[in-house]
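Here the structure comes first, spelled out in C-alpha cells, and everything after it is commentary.
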Amino acid sequence: MIEKLNNKNRNSNIEALRIISILLIICHHYVIHGFSKVENISMMNQYLLGILSLGGKLGVTCFILISGYYMIHTRFTVKKCLRIVFEVWTYSFILGMIYFMMTKSISVKDAISVIFPIGTSLYWFMTDYLILMAASPLLNIVIEHLDQSFYRKSIILMIVFWSIFPILGLKYAFNDLLWFICLYFIAGYIRLFHNNTDNTNILRYFFVAFSSYFIVMLSNFLFILLGHTFHSNMLLQRSMHFSSLNSPFILMTAVSLFHAFSTMSTRSSKWINLFSSCTLGVYLIHDNMLMRTYIWDNILKCSLFADSVFLIFHCLFSVVMIYLVCCFIDLVRQQTLERLFLKRLNKQNKKIFPQ
C-alpha cells in the first residue's frame, strides 16, 4: 500500500494522489461502517451515501498502481518488508490492547487476529499487499523479459478475464491478489513504455477519469432509484456493482488519474510528502476491525445523521478529522517506535537485512 521511500525522492504529484486515495477510502468506510446497521435513512441521504461510498475501491486501485510504479525499479529487501510488518503489528497490538481495556474481554479469534494481523481477517489488504511485495522480484524478472507487444496483449487478456467478464457475471479464478498482480503489470507498463514527461494530455486524462467515474455514479443512482421504485432489494444490492475492485470503470478511472498525476511537471513538497508518509498508518488505525465500530458509532455517531440535511457536512468533518488525527498518531509513531525499530535493525548483520 505504501512504498517506503525517502521523502526527497518522492514525486509530490503522485504522493498527492496517494492522499486523495486514502481520503476516498475513509469516505467509503464512513458509509459502509457508519451506516451498516441504520435502516431509517431518508431517500435523499441514501443517494448521497451511495455516491460517497463509491471511492473505496478506486483508492485501493490507485494505491496498487502507485506501489507497482515504484517497485518495478526498486530492489526488494527484507528490511523494507519487516518495516511494514512492524507497523502493522504495532497498530494491531496497541489497538487490540485499547479494545481489551474498554470491553474487559476479547474472544480467542480476535486475540489471534491481534497477534497475527497478517494472514487473518484483521487486515485483508495488508496480507495481499505483502504477498505482492514479496513476489515483486519474480514479477520484475518476468516483466523485464517481455517485449512491449506481448506485454500489452497479456495485460489486455487479464483485464478481459478478471475485469470485463466479472462485470457480466462471469468469473474465472478471480481473487483480489490476482487483480493486484494485474494492476502491478499495468503500473509496470506505464513506467516502462509511457512518456511521463509529456504533460500535454493531462486534461484528456482527467476527462477520461471523470467520464468513467460518472458512469459509476450514474449506475449507483439508477440502481437505488429503480430499487425503491419497484421495491426490489436485488436492485438495491446491485448499486455497488460497477464500483467493485476489478470494475473496468474503476480501472479506467484509476489509470487515467494516475496518468494525469504522474505526467504533471515533477515537484517536491515537504508537506505533501510528509502527510503521504502517514497513509498506511491512517488505514491501519481507522479501519482496525476491533475499533472501527467504536469510532463510527460512539465517537462520530454517524447514525444520528441518517435523516439530517447536515449529513454531507458531517461526512466531510469526519473524514478530515480521522485523517488528521491518524496522521498525528502515525507521525509520533514514526519518530518513536519506528525509529527505535530501524535503529535495532541497522545493528544486525547486513547479510541478513540488506540495505
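How things are named: the first chain in the C-alpha cells is A, the next is B, and so on; residues count from 1 in each chain; ligands count from 1 in the order shown.
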
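Using only C-alpha atoms, the residues found no farther than 6 Å from range 57-72 of chain A, other than those of its own chain fewer than 4 positions away, are A:Met1, A:Glu3, A:Ser21, A:Leu24, A:Ile25, A:Leu183, A:Tyr184, A:Ala187, A:Gly188, A:Arg191, A:Leu245, A:Ile250, A:Ala254.
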
Taking C-alpha atoms for each residue, export the selection above as a PDB file, in the first residue's frame.
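Wrote it out as selection13.pdb, contents follow:
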ATOM      1  CA  MET A   1       0.000   0.000   0.000  1.00  0.00           C
ATOM      2  CA  GLU A   3       6.116   2.085  -0.795  1.00  0.00           C
ATOM      3  CA  SER A  21      -6.903   7.870  -2.374  1.00  0.00           C
ATOM      4  CA  LEU A  24     -11.703   8.275  -0.693  1.00  0.00           C
ATOM      5  CA  ILE A  25     -11.199   5.087   1.327  1.00  0.00           C
ATOM      6  CA  LEU A 183      -2.501  -3.832 -11.564  1.00  0.00           C
ATOM      7  CA  TYR A 184       1.216  -4.327 -10.892  1.00  0.00           C
ATOM      8  CA  ALA A 187       1.826   0.068 -13.465  1.00  0.00           C
ATOM      9  CA  GLY A 188       4.996  -1.524 -14.811  1.00  0.00           C
ATOM     10  CA  ARG A 191       6.586   3.113 -16.051  1.00  0.00           C
ATOM     11  CA  LEU A 245     -12.371  -3.535  -7.059  1.00  0.00           C
ATOM     12  CA  ILE A 250     -12.897   1.901 -11.684  1.00  0.00           C
ATOM     13  CA  ALA A 254      -7.648   4.945 -11.625  1.00  0.00           C
TER      14      ALA A 254
END

Rank nothing, just name the residue among A:Asn233, A:Asn140, A:Thr120, A:Gln148 nearest to Ile181 in chain A, using only C-alpha atoms. A:Asn140

Residues within 8 Å of Leu122 in chain A, only C-alpha atoms, excluding chain neighbours under 3 positions, as a ChimeraX atom specification: /A:113-114,117-118,288-289

Non-local contacts of Asn199 in chain A (8 Å; only C-alpha atoms; under 5 positions in same chain excluded) as a ChimeraX atom specification: /A:260,263-265

Have a look at A:Met217, A:Ile224, A:Ala134, A:Cys182 and name the one nearest to Met158 in chain A; count only C-alpha atoms.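 Looking only at the distances to Met158 in chain A, the closest residue turns out to be A:Cys182.
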
So that I can check the surroundings of His228 in chain A, please list as a ChimeraX atom specification every protein, DNA and RNA residue that reaches within 12 Å of it, counting only C-alpha atoms and ignoring chain neighbours fewer than 3 positions away. /A:42-44,46-47,221-225,231-237,239

Pick out the closest residue to Asp147 in chain A from this set: A:Phe193, A:Lys104, A:Asp110, A:Val255. Count only C-alpha atoms.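 The shortest atom-to-atom distance to Asp147 in chain A comes from A:Phe193.
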
Find, counting only C-alpha atoms, the residue in A:Ile186, A:Ile98, A:Ile115, A:Val108 that gets nearest to Ile143 in chain A.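 Closest residue, counting only C-alpha atoms: A:Ile186.
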
Could you tell me which of A:Ser12, A:Asn201, A:Thr77, A:Ser36 comes closest to Ser276 in chain A if we count only C-alpha atoms?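 Using only C-alpha atoms, the shortest distance to Ser276 in chain A belongs to A:Ser12.
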
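Reported to one decimal place, the separation of CA of His28 in chain A from CA of Cys315 in chain A is 10.2 Å.
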